[in-house]
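Visitor: Okay, so here is start11.pdb, and as you'll see once you scroll down, it has PDB, N, CA and C atoms and all ligand atoms.
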ATOM      1  N   MET A1270      49.588 -94.996 -46.040
ATOM      2  CA  MET A1270      48.489 -95.142 -46.994
ATOM      3  C   MET A1270      47.663 -93.861 -47.046
ATOM      4  N   LEU A1271      47.353 -93.400 -48.256
ATOM      5  CA  LEU A1271      46.574 -92.175 -48.405
ATOM      6  C   LEU A1271      45.093 -92.508 -48.547
ATOM      7  N   ILE A1272      44.297 -91.697 -47.893
ATOM      8  CA  ILE A1272      42.850 -91.835 -48.035
ATOM      9  C   ILE A1272      42.290 -90.492 -48.477
ATOM     10  N   GLN A1273      41.035 -90.492 -48.904
ATOM     11  CA  GLN A1273      40.429 -89.262 -49.378
ATOM     12  C   GLN A1273      39.591 -88.635 -48.273
ATOM     13  N   CYS A1274      39.818 -87.340 -48.059
ATOM     14  CA  CYS A1274      39.005 -86.610 -47.086
ATOM     15  C   CYS A1274      37.598 -86.446 -47.657
ATOM     16  N   GLN A1275      36.587 -86.821 -46.875
ATOM     17  CA  GLN A1275      35.206 -86.740 -47.375
ATOM     18  C   GLN A1275      34.679 -85.312 -47.368
ATOM     19  N   GLU A1276      35.365 -84.429 -46.644
ATOM     20  CA  GLU A1276      34.940 -83.032 -46.593
ATOM     21  C   GLU A1276      35.432 -82.262 -47.815
ATOM     22  N   CYS A1277      36.736 -82.349 -48.096
ATOM     23  CA  CYS A1277      37.307 -81.543 -49.178
ATOM     24  C   CYS A1277      37.767 -82.387 -50.365
ATOM     25  N   GLY A1278      37.812 -83.715 -50.196
ATOM     26  CA  GLY A1278      38.135 -84.612 -51.301
ATOM     27  C   GLY A1278      39.614 -84.768 -51.585
ATOM     28  N   ARG A1279      40.468 -84.104 -50.791
ATOM     29  CA  ARG A1279      41.906 -84.219 -51.044
ATOM     30  C   ARG A1279      42.504 -85.442 -50.348
ATOM     31  N   LYS A1280      43.657 -85.850 -50.857
ATOM     32  CA  LYS A1280      44.353 -87.004 -50.281
ATOM     33  C   LYS A1280      45.022 -86.615 -48.977
ATOM     34  N   ILE A1281      44.799 -87.424 -47.975
ATOM     35  CA  ILE A1281      45.419 -87.174 -46.684
ATOM     36  C   ILE A1281      45.932 -88.492 -46.118
ATOM     37  N   SER A1282      46.855 -88.405 -45.188
ATOM     38  CA  SER A1282      47.383 -89.611 -44.553
ATOM     39  C   SER A1282      46.337 -90.192 -43.611
ATOM     40  N   ASP A1283      46.250 -91.511 -43.591
ATOM     41  CA  ASP A1283      45.303 -92.141 -42.661
ATOM     42  C   ASP A1283      45.839 -92.113 -41.218
ATOM     43  N   GLN A1284      47.079 -91.654 -41.078
ATOM     44  CA  GLN A1284      47.643 -91.516 -39.732
ATOM     45  C   GLN A1284      47.220 -90.193 -39.092
ATOM     46  N   ALA A1285      46.831 -89.243 -39.944
ATOM     47  CA  ALA A1285      46.466 -87.917 -39.432
ATOM     48  C   ALA A1285      45.133 -87.978 -38.689
ATOM     49  N   LYS A1286      45.054 -87.210 -37.602
ATOM     50  CA  LYS A1286      43.797 -87.163 -36.844
ATOM     51  C   LYS A1286      42.822 -86.184 -37.491
ATOM     52  N   PHE A1287      43.407 -85.140 -38.134
ATOM     53  CA  PHE A1287      42.585 -84.148 -38.807
ATOM     54  C   PHE A1287      43.115 -83.924 -40.217
ATOM     55  N   CYS A1288      42.224 -83.569 -41.118
ATOM     56  CA  CYS A1288      42.635 -83.218 -42.480
ATOM     57  C   CYS A1288      43.420 -81.909 -42.429
ATOM     58  N   PRO A1289      44.662 -81.881 -42.965
ATOM     59  CA  PRO A1289      45.459 -80.649 -42.916
ATOM     60  C   PRO A1289      44.916 -79.557 -43.840
ATOM     61  N   HIS A1290      44.042 -79.925 -44.766
ATOM     62  CA  HIS A1290      43.510 -78.959 -45.726
ATOM     63  C   HIS A1290      42.276 -78.246 -45.192
ATOM     64  N   CYS A1291      41.372 -78.991 -44.612
ATOM     65  CA  CYS A1291      40.108 -78.377 -44.194
ATOM     66  C   CYS A1291      39.818 -78.578 -42.712
ATOM     67  N   GLY A1292      40.629 -79.394 -42.027
ATOM     68  CA  GLY A1292      40.465 -79.540 -40.583
ATOM     69  C   GLY A1292      39.412 -80.552 -40.159
ATOM     70  N   ALA A1293      38.813 -81.230 -41.112
ATOM     71  CA  ALA A1293      37.802 -82.231 -40.770
ATOM     72  C   ALA A1293      38.445 -83.426 -40.049
ATOM     73  N   GLY A1294      37.723 -84.015 -39.135
ATOM     74  CA  GLY A1294      38.231 -85.189 -38.429
ATOM     75  C   GLY A1294      38.413 -86.335 -39.396
ATOM     76  N   VAL A1295      39.514 -87.060 -39.273
ATOM     77  CA  VAL A1295      39.813 -88.137 -40.220
ATOM     78  C   VAL A1295      38.868 -89.332 -40.014
ATOM     79  N   SER A1296      38.302 -89.434 -38.836
ATOM     80  CA  SER A1296      37.340 -90.515 -38.593
ATOM     81  C   SER A1296      36.171 -90.427 -39.576
ATOM     82  N   ILE A1297      35.842 -89.183 -39.987
ATOM     83  CA  ILE A1297      34.784 -88.978 -40.989
ATOM     84  C   ILE A1297      35.310 -89.452 -42.347
ATOM     85  N   ALA A1298      36.570 -89.083 -42.639
ATOM     86  CA  ALA A1298      37.159 -89.406 -43.940
ATOM     87  C   ALA A1298      37.337 -90.910 -44.118
ATOM     88  N   ARG A1299      37.426 -91.631 -43.020
ATOM     89  CA  ARG A1299      37.660 -93.073 -43.120
ATOM     90  C   ARG A1299      36.454 -93.829 -43.646
ATOM     91  N   GLY A1300      35.295 -93.159 -43.648
ATOM     92  CA  GLY A1300      34.129 -93.767 -44.284
ATOM     93  C   GLY A1300      33.498 -94.845 -43.434
ATOM     94  N   PHE A1301      33.447 -96.065 -43.973
ATOM     95  CA  PHE A1301      32.736 -97.156 -43.325
ATOM     96  C   PHE A1301      33.386 -97.555 -42.003
ATOM     97  N   SER A1302      32.569 -97.865 -41.053
ATOM     98  CA  SER A1302      33.071 -98.454 -39.821
ATOM     99  C   SER A1302      33.475 -99.896 -40.132
ATOM    100  N   GLU A1303      34.263-100.479 -39.252
ATOM    101  CA  GLU A1303      34.748-101.849 -39.460
ATOM    102  C   GLU A1303      33.575-102.826 -39.618
ATOM    103  N   THR A1304      32.532-102.627 -38.824
ATOM    104  CA  THR A1304      31.353-103.510 -38.875
ATOM    105  C   THR A1304      30.677-103.433 -40.238
ATOM    106  N   LYS A1305      30.456-102.203 -40.718
ATOM    107  CA  LYS A1305      29.796-102.012 -42.017
ATOM    108  C   LYS A1305      30.653-102.583 -43.139
ATOM    109  N   ARG A1306      31.975-102.401 -43.015
ATOM    110  CA  ARG A1306      32.903-102.898 -44.030
ATOM    111  C   ARG A1306      32.837-104.421 -44.107
ATOM    112  N   MET A1307      32.895-105.064 -42.919
ATOM    113  CA  MET A1307      32.833-106.528 -42.871
ATOM    114  C   MET A1307      31.507-107.026 -43.436
ATOM    115  N   ALA A1308      30.409-106.354 -43.050
ATOM    116  CA  ALA A1308      29.075-106.732 -43.542
ATOM    117  C   ALA A1308      29.032-106.614 -45.063
ATOM    118  N   GLY A1309      29.605-105.525 -45.578
ATOM    119  CA  GLY A1309      29.644-105.311 -47.030
ATOM    120  C   GLY A1309      30.407-106.403 -47.745
ATOM    121  N   ILE A1310      31.562-106.785 -47.172
ATOM    122  CA  ILE A1310      32.402-107.828 -47.770
ATOM    123  C   ILE A1310      31.655-109.160 -47.752
ATOM    124  N   ILE A1311      31.038-109.493 -46.603
ATOM    125  CA  ILE A1311      30.325-110.774 -46.469
ATOM    126  C   ILE A1311      29.163-110.843 -47.463
ATOM    127  N   VAL A1312      28.371-109.759 -47.543
ATOM    128  CA  VAL A1312      27.243-109.720 -48.486
ATOM    129  C   VAL A1312      27.761-109.854 -49.923
ATOM    130  N   GLY A1313      28.873-109.160 -50.214
ATOM    131  CA  GLY A1313      29.488-109.249 -51.543
ATOM    132  C   GLY A1313      29.898-110.658 -51.894
ATOM    133  N   VAL A1314      30.522-111.345 -50.925
ATOM    134  CA  VAL A1314      30.970-112.728 -51.137
ATOM    135  C   VAL A1314      29.763-113.646 -51.359
ATOM    136  N   ILE A1315      28.705-113.451 -50.543
ATOM    137  CA  ILE A1315      27.494-114.277 -50.675
ATOM    138  C   ILE A1315      26.866-114.083 -52.054
ATOM    139  N   ILE A1316      26.761-112.828 -52.499
ATOM    140  CA  ILE A1316      26.200-112.529 -53.821
ATOM    141  C   ILE A1316      27.058-113.187 -54.911
ATOM    142  N   GLY A1317      28.395-113.070 -54.755
ATOM    143  CA  GLY A1317      29.320-113.676 -55.718
ATOM    144  C   GLY A1317      29.148-115.179 -55.806
ATOM    145  N   ILE A1318      29.049-115.830 -54.639
ATOM    146  CA  ILE A1318      28.883-117.294 -54.587
ATOM    147  C   ILE A1318      27.540-117.692 -55.195
ATOM    148  N   THR A1319      26.487-116.903 -54.909
ATOM    149  CA  THR A1319      25.160-117.174 -55.472
ATOM    150  C   THR A1319      25.222-117.177 -56.999
ATOM    151  N   GLY A1320      25.889-116.154 -57.551
ATOM    152  CA  GLY A1320      26.055-116.072 -59.006
ATOM    153  C   GLY A1320      26.789-117.282 -59.549
ATOM    154  N   LEU A1321      27.845-117.678 -58.840
ATOM    155  CA  LEU A1321      28.677-118.815 -59.238
ATOM    156  C   LEU A1321      27.867-120.108 -59.209
ATOM    157  N   VAL A1322      27.058-120.301 -58.154
ATOM    158  CA  VAL A1322      26.240-121.518 -58.003
ATOM    159  C   VAL A1322      25.214-121.602 -59.136
ATOM    160  N   ILE A1323      24.558-120.470 -59.436
ATOM    161  CA  ILE A1323      23.577-120.439 -60.532
ATOM    162  C   ILE A1323      24.266-120.810 -61.842
ATOM    163  N   PHE A1324      25.463-120.232 -62.045
ATOM    164  CA  PHE A1324      26.214-120.488 -63.282
ATOM    165  C   PHE A1324      26.571-121.970 -63.418
ATOM    166  N   ILE A1325      27.059-122.572 -62.329
ATOM    167  CA  ILE A1325      27.447-123.987 -62.339
ATOM    168  C   ILE A1325      26.230-124.865 -62.656
ATOM    169  N   HIS A1326      25.068-124.489 -62.085
ATOM    170  CA  HIS A1326      23.846-125.265 -62.341
ATOM    171  C   HIS A1326      23.417-125.180 -63.796
ATOM    172  N   THR A1327      23.662-124.036 -64.439
ATOM    173  CA  THR A1327      23.265-123.891 -65.844
ATOM    174  C   THR A1327      24.181-124.705 -66.757
ATOM    175  N   LEU A1328      25.367-125.087 -66.271
ATOM    176  CA  LEU A1328      26.299-125.873 -67.095
ATOM    177  C   LEU A1328      25.830-127.319 -67.263
ATOM    178  N   ASP A1329      24.996-127.780 -66.336
ATOM    179  CA  ASP A1329      24.483-129.145 -66.434
ATOM    180  C   ASP A1329      22.952-129.127 -66.388
ATOM    181  N   PRO A1330      22.320-128.760 -67.521
ATOM    182  CA  PRO A1330      20.870-128.587 -67.531
ATOM    183  C   PRO A1330      20.102-129.889 -67.789
ATOM    184  N   THR A1331      20.800-131.031 -67.797
ATOM    185  CA  THR A1331      20.172-132.315 -68.135
ATOM    186  C   THR A1331      18.913-132.614 -67.298
ATOM    187  N   PRO A1332      18.958-132.467 -65.973
ATOM    188  CA  PRO A1332      17.754-132.776 -65.199
ATOM    189  C   PRO A1332      16.558-131.926 -65.602
ATOM    190  N   ILE A1333      16.811-130.615 -65.896
ATOM    191  CA  ILE A1333      15.717-129.712 -66.280
ATOM    192  C   ILE A1333      15.180-130.117 -67.649
ATOM    193  N   SER A1334      16.065-130.395 -68.624
ATOM    194  CA  SER A1334      15.622-130.707 -69.987
ATOM    195  C   SER A1334      14.868-132.033 -70.031
ATOM    196  N   THR A1335      15.281-132.988 -69.192
ATOM    197  CA  THR A1335      14.564-134.260 -69.103
ATOM    198  C   THR A1335      13.150-134.019 -68.589
ATOM    199  N   PHE A1336      13.056-133.155 -67.611
ATOM    200  CA  PHE A1336      11.762-132.823 -67.014
ATOM    201  C   PHE A1336      10.881-132.067 -68.002
ATOM    202  N   ALA A1337      11.488-131.118 -68.720
ATOM    203  CA  ALA A1337      10.719-130.234 -69.602
ATOM    204  C   ALA A1337      10.290-130.934 -70.893
ATOM    205  N   GLY A1338      11.025-131.964 -71.280
ATOM    206  CA  GLY A1338      10.686-132.656 -72.524
ATOM    207  C   GLY A1338      11.476-132.096 -73.686
ATOM    208  N   ILE A1339      11.670-132.963 -74.702
ATOM    209  CA  ILE A1339      12.576-132.647 -75.813
ATOM    210  C   ILE A1339      12.097-131.451 -76.629
ATOM    211  N   GLN A1340      10.778-131.228 -76.743
ATOM    212  CA  GLN A1340      10.273-130.134 -77.592
ATOM    213  C   GLN A1340      10.587-128.753 -77.029
ATOM    214  N   TYR A1341      10.972-128.702 -75.778
ATOM    215  CA  TYR A1341      11.282-127.416 -75.171
ATOM    216  C   TYR A1341      12.786-127.141 -75.158
ATOM    217  N   GLN A1342      13.555-128.004 -75.786
ATOM    218  CA  GLN A1342      15.013-127.887 -75.751
ATOM    219  C   GLN A1342      15.504-126.503 -76.209
ATOM    220  N   LYS A1343      14.988-126.040 -77.355
ATOM    221  CA  LYS A1343      15.443-124.769 -77.923
ATOM    222  C   LYS A1343      15.112-123.615 -76.969
ATOM    223  N   GLU A1344      13.860-123.576 -76.563
ATOM    224  CA  GLU A1344      13.393-122.543 -75.640
ATOM    225  C   GLU A1344      14.199-122.580 -74.340
ATOM    226  N   LEU A1345      14.453-123.814 -73.907
ATOM    227  CA  LEU A1345      15.182-124.017 -72.654
ATOM    228  C   LEU A1345      16.617-123.515 -72.770
ATOM    229  N   SER A1346      17.265-123.814 -73.902
ATOM    230  CA  SER A1346      18.655-123.390 -74.060
ATOM    231  C   SER A1346      18.748-121.865 -74.112
ATOM    232  N   ASP A1347      17.726-121.204 -74.672
ATOM    233  CA  ASP A1347      17.671-119.744 -74.647
ATOM    234  C   ASP A1347      17.582-119.235 -73.214
ATOM    235  N   LYS A1348      16.713-119.890 -72.447
ATOM    236  CA  LYS A1348      16.516-119.514 -71.045
ATOM    237  C   LYS A1348      17.804-119.713 -70.254
ATOM    238  N   ILE A1349      18.509-120.818 -70.540
ATOM    239  CA  ILE A1349      19.761-121.113 -69.844
ATOM    240  C   ILE A1349      20.815-120.069 -70.192
ATOM    241  N   ASN A1350      20.852-119.668 -71.483
ATOM    242  CA  ASN A1350      21.800-118.615 -71.882
ATOM    243  C   ASN A1350      21.544-117.324 -71.130
ATOM    244  N   GLN A1351      20.260-116.956 -71.023
ATOM    245  CA  GLN A1351      19.886-115.748 -70.283
ATOM    246  C   GLN A1351      20.290-115.877 -68.819
ATOM    247  N   LEU A1352      20.050-117.063 -68.278
ATOM    248  CA  LEU A1352      20.356-117.324 -66.878
ATOM    249  C   LEU A1352      21.865-117.244 -66.634
ATOM    250  N   GLN A1353      22.649-117.714 -67.610
ATOM    251  CA  GLN A1353      24.108-117.657 -67.485
ATOM    252  C   GLN A1353      24.599-116.216 -67.461
ATOM    253  N   ILE A1354      24.053-115.385 -68.341
ATOM    254  CA  ILE A1354      24.424-113.958 -68.373
ATOM    255  C   ILE A1354      24.058-113.319 -67.029
ATOM    256  N   PHE A1355      22.855-113.638 -66.561
ATOM    257  CA  PHE A1355      22.364-113.152 -65.275
ATOM    258  C   PHE A1355      23.293-113.585 -64.143
ATOM    259  N   ALA A1356      23.711-114.847 -64.167
ATOM    260  CA  ALA A1356      24.592-115.393 -63.131
ATOM    261  C   ALA A1356      25.944-114.692 -63.142
ATOM    262  N   VAL A1357      26.479-114.449 -64.336
ATOM    263  CA  VAL A1357      27.768-113.754 -64.472
ATOM    264  C   VAL A1357      27.644-112.332 -63.919
ATOM    265  N   LEU A1358      26.515-111.667 -64.226
ATOM    266  CA  LEU A1358      26.269-110.312 -63.721
ATOM    267  C   LEU A1358      26.241-110.294 -62.196
ATOM    268  N   ILE A1359      25.493-111.244 -61.609
ATOM    269  CA  ILE A1359      25.402-111.338 -60.153
ATOM    270  C   ILE A1359      26.792-111.547 -59.558
ATOM    271  N   PHE A1360      27.553-112.443 -60.191
ATOM    272  CA  PHE A1360      28.911-112.744 -59.738
ATOM    273  C   PHE A1360      29.777-111.479 -59.753
ATOM    274  N   CYS A1361      29.694-110.719 -60.854
ATOM    275  CA  CYS A1361      30.482-109.486 -60.993
ATOM    276  C   CYS A1361      30.078-108.458 -59.938
ATOM    277  N   VAL A1362      28.768-108.331 -59.700
ATOM    278  CA  VAL A1362      28.279-107.395 -58.677
ATOM    279  C   VAL A1362      28.853-107.783 -57.313
ATOM    280  N   GLY A1363      28.843-109.080 -57.030
ATOM    281  CA  GLY A1363      29.376-109.586 -55.763
ATOM    282  C   GLY A1363      30.856-109.269 -55.602
ATOM    283  N   ILE A1364      31.626-109.524 -56.661
ATOM    284  CA  ILE A1364      33.070-109.243 -56.640
ATOM    285  C   ILE A1364      33.314-107.741 -56.472
ATOM    286  N   ALA A1365      32.558-106.944 -57.236
ATOM    287  CA  ALA A1365      32.708-105.482 -57.175
ATOM    288  C   ALA A1365      32.425-104.977 -55.758
ATOM    289  N   MET A1366      31.370-105.496 -55.148
ATOM    290  CA  MET A1366      31.013-105.113 -53.773
ATOM    291  C   MET A1366      32.126-105.464 -52.798
ATOM    292  N   THR A1367      32.653-106.697 -52.939
ATOM    293  CA  THR A1367      33.715-107.170 -52.051
ATOM    294  C   THR A1367      34.944-106.267 -52.178
ATOM    295  N   VAL A1368      35.341-105.972 -53.420
ATOM    296  CA  VAL A1368      36.509-105.131 -53.676
ATOM    297  C   VAL A1368      36.265-103.721 -53.136
ATOM    298  N   TYR A1369      35.060-103.197 -53.398
ATOM    299  CA  TYR A1369      34.718-101.841 -52.965
ATOM    300  C   TYR A1369      34.813-101.695 -51.456
ATOM    301  N   PHE A1370      34.219-102.625 -50.745
ATOM    302  CA  PHE A1370      34.236-102.546 -49.280
ATOM    303  C   PHE A1370      35.611-102.876 -48.724
ATOM    304  N   ASN A1371      36.318-103.753 -49.401
ATOM    305  CA  ASN A1371      37.657-104.127 -48.952
ATOM    306  C   ASN A1371      38.645-102.966 -49.111
ATOM    307  N   ARG A1372      38.433-102.153 -50.150
ATOM    308  CA  ARG A1372      39.343-101.040 -50.410
ATOM    309  C   ARG A1372      39.137 -99.894 -49.418
ATOM    310  N   SER A1373      37.937 -99.782 -48.881
ATOM    311  CA  SER A1373      37.683 -98.719 -47.914
ATOM    312  C   SER A1373      38.083 -99.187 -46.522
ATOM    313  N   ASN A1374      39.229 -99.873 -46.476
ATOM    314  CA  ASN A1374      39.655-100.480 -45.209
ATOM    315  C   ASN A1374      40.377 -99.494 -44.309
ATOM    316  N   ILE A1375      40.493 -99.866 -43.074
ATOM    317  CA  ILE A1375      41.185 -99.047 -42.086
ATOM    318  C   ILE A1375      42.468 -99.786 -41.707
ATOM    319  N   LYS A1376      43.575 -99.268 -42.194
ATOM    320  CA  LYS A1376      44.879 -99.866 -41.850
ATOM    321  C   LYS A1376      45.342 -99.319 -40.514
ATOM    322  N   LYS A1377      45.540-100.192 -39.590
ATOM    323  CA  LYS A1377      45.987 -99.720 -38.264
ATOM    324  C   LYS A1377      47.311-100.361 -37.947
TER     325      LYS A1377
HETATM  326 ZN    ZN B   1      39.736 -82.193 -45.935
END
Show me, as structure tokens, the structure contained in the file I just sent.
Ligand SMILES: [Zn+2]

Guide:
Amino acid sequence: MLIQCQECGRKISDQAKFCPHCGAGVSIARGFSETKRMAGIIVGVIIGITGLVIFIHTLDPTPISTFAGIQYQKELSDKINQLQIFAVLIFCVGIAMTVYFNRSNIKK
């Protein structure tokens, strides 16, 4: 598997101890430590799930609309639409974070 050297930016083998181009230690090029990577993935998953939960709640707005009263239906549906877009965004950020941290993995 090829990784990018953080010193010179060239592709190098993750098996190499030093970058053959600039001599930088590959431990630097590997980027995130395992702990940081796992933390990033977990936070990403939590953010993704949060977005998903918000989205699922917006699909069944009956309890809120009953509480708010019929005259607020239009305003409420606008708010729910905004909330759905927001939820999708949060979900995407979570997925992107998970993928990003997962890709900077250390294959041993
Ligand atoms: Zn290098």

Visitor: Using the chain letters and numbering of this document, enumerate as a list in words the residues selected by the PyMOL selection byres (((chain A and resi 1363) around 8) and not hetatm).

Guide: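 This file gives the following for the PyMOL selection byres (((chain A and resi 1363) around 8) and not hetatm): Ile1310, Val1312, Gly1313, Val1314, Ile1315, Ile1316, Gly1317, Ile1318, Thr1319, Gly1320, Val1357, Leu1358, Ile1359, Phe1360, Cys1361, Val1362, Ile1364, Ala1365, Met1366, Thr1367, Val1368 and Tyr1369 of chain A.
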
Visitor: So what do you get for atom C of Leu1271 of chain A versus atom C of Ile1311 of chain A, distance-wise?

Guide: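 For atom C of Leu1271 of chain A relative to atom C of Ile1311 of chain A, the distance reads 24.3 Å.
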
Visitor: To one decimal place, how far is atom CA of Val1322 of chain A from atom CA of Gly1309 of chain A in Å?

Guide: 19.9 Å

Visitor: If the PyMOL selection byres (((chain A and resi 1278 and name CA) around 12) and not hetatm and name CA) were run on this exact file, what residues would it hold? Put them as an mmCIF file with N, CA and C atoms, in the frame of the given file.

Guide:
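Dumped to part.cif:
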data_model
loop_
_atom_site.group_PDB
_atom_site.id
_atom_site.type_symbol
_atom_site.label_atom_id
_atom_site.label_comp_id
_atom_site.auth_asym_id
_atom_site.auth_seq_id
_atom_site.Cartn_x
_atom_site.Cartn_y
_atom_site.Cartn_z
ATOM 1 N N LEU A 1271 47.353 -93.400 -48.256
ATOM 2 C CA LEU A 1271 46.574 -92.175 -48.405
ATOM 3 C C LEU A 1271 45.093 -92.508 -48.547
ATOM 4 N N ILE A 1272 44.297 -91.697 -47.893
ATOM 5 C CA ILE A 1272 42.850 -91.835 -48.035
ATOM 6 C C ILE A 1272 42.290 -90.492 -48.477
ATOM 7 N N GLN A 1273 41.035 -90.492 -48.904
ATOM 8 C CA GLN A 1273 40.429 -89.262 -49.378
ATOM 9 C C GLN A 1273 39.591 -88.635 -48.273
ATOM 10 N N CYS A 1274 39.818 -87.340 -48.059
ATOM 11 C CA CYS A 1274 39.005 -86.610 -47.086
ATOM 12 C C CYS A 1274 37.598 -86.446 -47.657
ATOM 13 N N GLN A 1275 36.587 -86.821 -46.875
ATOM 14 C CA GLN A 1275 35.206 -86.740 -47.375
ATOM 15 C C GLN A 1275 34.679 -85.312 -47.368
ATOM 16 N N GLU A 1276 35.365 -84.429 -46.644
ATOM 17 C CA GLU A 1276 34.940 -83.032 -46.593
ATOM 18 C C GLU A 1276 35.432 -82.262 -47.815
ATOM 19 N N CYS A 1277 36.736 -82.349 -48.096
ATOM 20 C CA CYS A 1277 37.307 -81.543 -49.178
ATOM 21 C C CYS A 1277 37.767 -82.387 -50.365
ATOM 22 N N ARG A 1279 40.468 -84.104 -50.791
ATOM 23 C CA ARG A 1279 41.906 -84.219 -51.044
ATOM 24 C C ARG A 1279 42.504 -85.442 -50.348
ATOM 25 N N LYS A 1280 43.657 -85.850 -50.857
ATOM 26 C CA LYS A 1280 44.353 -87.004 -50.281
ATOM 27 C C LYS A 1280 45.022 -86.615 -48.977
ATOM 28 N N ILE A 1281 44.799 -87.424 -47.975
ATOM 29 C CA ILE A 1281 45.419 -87.174 -46.684
ATOM 30 C C ILE A 1281 45.932 -88.492 -46.118
ATOM 31 N N CYS A 1288 42.224 -83.569 -41.118
ATOM 32 C CA CYS A 1288 42.635 -83.218 -42.480
ATOM 33 C C CYS A 1288 43.420 -81.909 -42.429
ATOM 34 N N PRO A 1289 44.662 -81.881 -42.965
ATOM 35 C CA PRO A 1289 45.459 -80.649 -42.916
ATOM 36 C C PRO A 1289 44.916 -79.557 -43.840
ATOM 37 N N HIS A 1290 44.042 -79.925 -44.766
ATOM 38 C CA HIS A 1290 43.510 -78.959 -45.726
ATOM 39 C C HIS A 1290 42.276 -78.246 -45.192
ATOM 40 N N CYS A 1291 41.372 -78.991 -44.612
ATOM 41 C CA CYS A 1291 40.108 -78.377 -44.194
ATOM 42 C C CYS A 1291 39.818 -78.578 -42.712
ATOM 43 N N ALA A 1293 38.813 -81.230 -41.112
ATOM 44 C CA ALA A 1293 37.802 -82.231 -40.770
ATOM 45 C C ALA A 1293 38.445 -83.426 -40.049
ATOM 46 N N VAL A 1295 39.514 -87.060 -39.273
ATOM 47 C CA VAL A 1295 39.813 -88.137 -40.220
ATOM 48 C C VAL A 1295 38.868 -89.332 -40.014
ATOM 49 N N ILE A 1297 35.842 -89.183 -39.987
ATOM 50 C CA ILE A 1297 34.784 -88.978 -40.989
ATOM 51 C C ILE A 1297 35.310 -89.452 -42.347
ATOM 52 N N ALA A 1298 36.570 -89.083 -42.639
ATOM 53 C CA ALA A 1298 37.159 -89.406 -43.940
ATOM 54 C C ALA A 1298 37.337 -90.910 -44.118
ATOM 55 N N ARG A 1299 37.426 -91.631 -43.020
ATOM 56 C CA ARG A 1299 37.660 -93.073 -43.120
ATOM 57 C C ARG A 1299 36.454 -93.829 -43.646
#

Visitor: Applied to this file, what does the PyMOL selection byres (((chain A and resi 1352 and name CA) around 12) and not hetatm and name CA) return in terms of residues, put as a CSV table (one decimal) with N, CA and C atoms, keeping the file's coordinate frame?

Guide:
chain,number,residue,atom,x,y,z
A,1320,GLY,N,25.9,-116.2,-57.6
A,1320,GLY,CA,26.1,-116.1,-59.0
A,1320,GLY,C,26.8,-117.3,-59.5
A,1321,LEU,N,27.8,-117.7,-58.8
A,1321,LEU,CA,28.7,-118.8,-59.2
A,1321,LEU,C,27.9,-120.1,-59.2
A,1322,VAL,N,27.1,-120.3,-58.2
A,1322,VAL,CA,26.2,-121.5,-58.0
A,1322,VAL,C,25.2,-121.6,-59.1
A,1323,ILE,N,24.6,-120.5,-59.4
A,1323,ILE,CA,23.6,-120.4,-60.5
A,1323,ILE,C,24.3,-120.8,-61.8
A,1324,PHE,N,25.5,-120.2,-62.0
A,1324,PHE,CA,26.2,-120.5,-63.3
A,1324,PHE,C,26.6,-122.0,-63.4
A,1325,ILE,N,27.1,-122.6,-62.3
A,1325,ILE,CA,27.4,-124.0,-62.3
A,1325,ILE,C,26.2,-124.9,-62.7
A,1326,HIS,N,25.1,-124.5,-62.1
A,1326,HIS,CA,23.8,-125.3,-62.3
A,1326,HIS,C,23.4,-125.2,-63.8
A,1327,THR,N,23.7,-124.0,-64.4
A,1327,THR,CA,23.3,-123.9,-65.8
A,1327,THR,C,24.2,-124.7,-66.8
A,1328,LEU,N,25.4,-125.1,-66.3
A,1328,LEU,CA,26.3,-125.9,-67.1
A,1328,LEU,C,25.8,-127.3,-67.3
A,1330,PRO,N,22.3,-128.8,-67.5
A,1330,PRO,CA,20.9,-128.6,-67.5
A,1330,PRO,C,20.1,-129.9,-67.8
A,1345,LEU,N,14.5,-123.8,-73.9
A,1345,LEU,CA,15.2,-124.0,-72.7
A,1345,LEU,C,16.6,-123.5,-72.8
A,1346,SER,N,17.3,-123.8,-73.9
A,1346,SER,CA,18.7,-123.4,-74.1
A,1346,SER,C,18.7,-121.9,-74.1
A,1347,ASP,N,17.7,-121.2,-74.7
A,1347,ASP,CA,17.7,-119.7,-74.6
A,1347,ASP,C,17.6,-119.2,-73.2
A,1348,LYS,N,16.7,-119.9,-72.4
A,1348,LYS,CA,16.5,-119.5,-71.0
A,1348,LYS,C,17.8,-119.7,-70.3
A,1349,ILE,N,18.5,-120.8,-70.5
A,1349,ILE,CA,19.8,-121.1,-69.8
A,1349,ILE,C,20.8,-120.1,-70.2
A,1350,ASN,N,20.9,-119.7,-71.5
A,1350,ASN,CA,21.8,-118.6,-71.9
A,1350,ASN,C,21.5,-117.3,-71.1
A,1351,GLN,N,20.3,-117.0,-71.0
A,1351,GLN,CA,19.9,-115.7,-70.3
A,1351,GLN,C,20.3,-115.9,-68.8
A,1353,GLN,N,22.6,-117.7,-67.6
A,1353,GLN,CA,24.1,-117.7,-67.5
A,1353,GLN,C,24.6,-116.2,-67.5
A,1354,ILE,N,24.1,-115.4,-68.3
A,1354,ILE,CA,24.4,-114.0,-68.4
A,1354,ILE,C,24.1,-113.3,-67.0
A,1355,PHE,N,22.9,-113.6,-66.6
A,1355,PHE,CA,22.4,-113.2,-65.3
A,1355,PHE,C,23.3,-113.6,-64.1
A,1356,ALA,N,23.7,-114.8,-64.2
A,1356,ALA,CA,24.6,-115.4,-63.1
A,1356,ALA,C,25.9,-114.7,-63.1
A,1357,VAL,N,26.5,-114.4,-64.3
A,1357,VAL,CA,27.8,-113.8,-64.5
A,1357,VAL,C,27.6,-112.3,-63.9
A,1358,LEU,N,26.5,-111.7,-64.2
A,1358,LEU,CA,26.3,-110.3,-63.7
A,1358,LEU,C,26.2,-110.3,-62.2
A,1359,ILE,N,25.5,-111.2,-61.6
A,1359,ILE,CA,25.4,-111.3,-60.2
A,1359,ILE,C,26.8,-111.5,-59.6

Visitor: Using Å and a single decimal, report how far atom C of Met1270 of chain A sits from atom C of Lys1286 of chain A.

Guide: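 Those two atoms sit 13.2 Å apart.
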
Visitor: Which residue is closest to ligand ZN 1 (chain B)? Choose from A:Gly1294, A:Arg1372, A:Met1307, A:Lys1343 and count all atoms listed in the file.

Guide: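 With all atoms listed in the file as the atom set, the closest residue is A:Gly1294.
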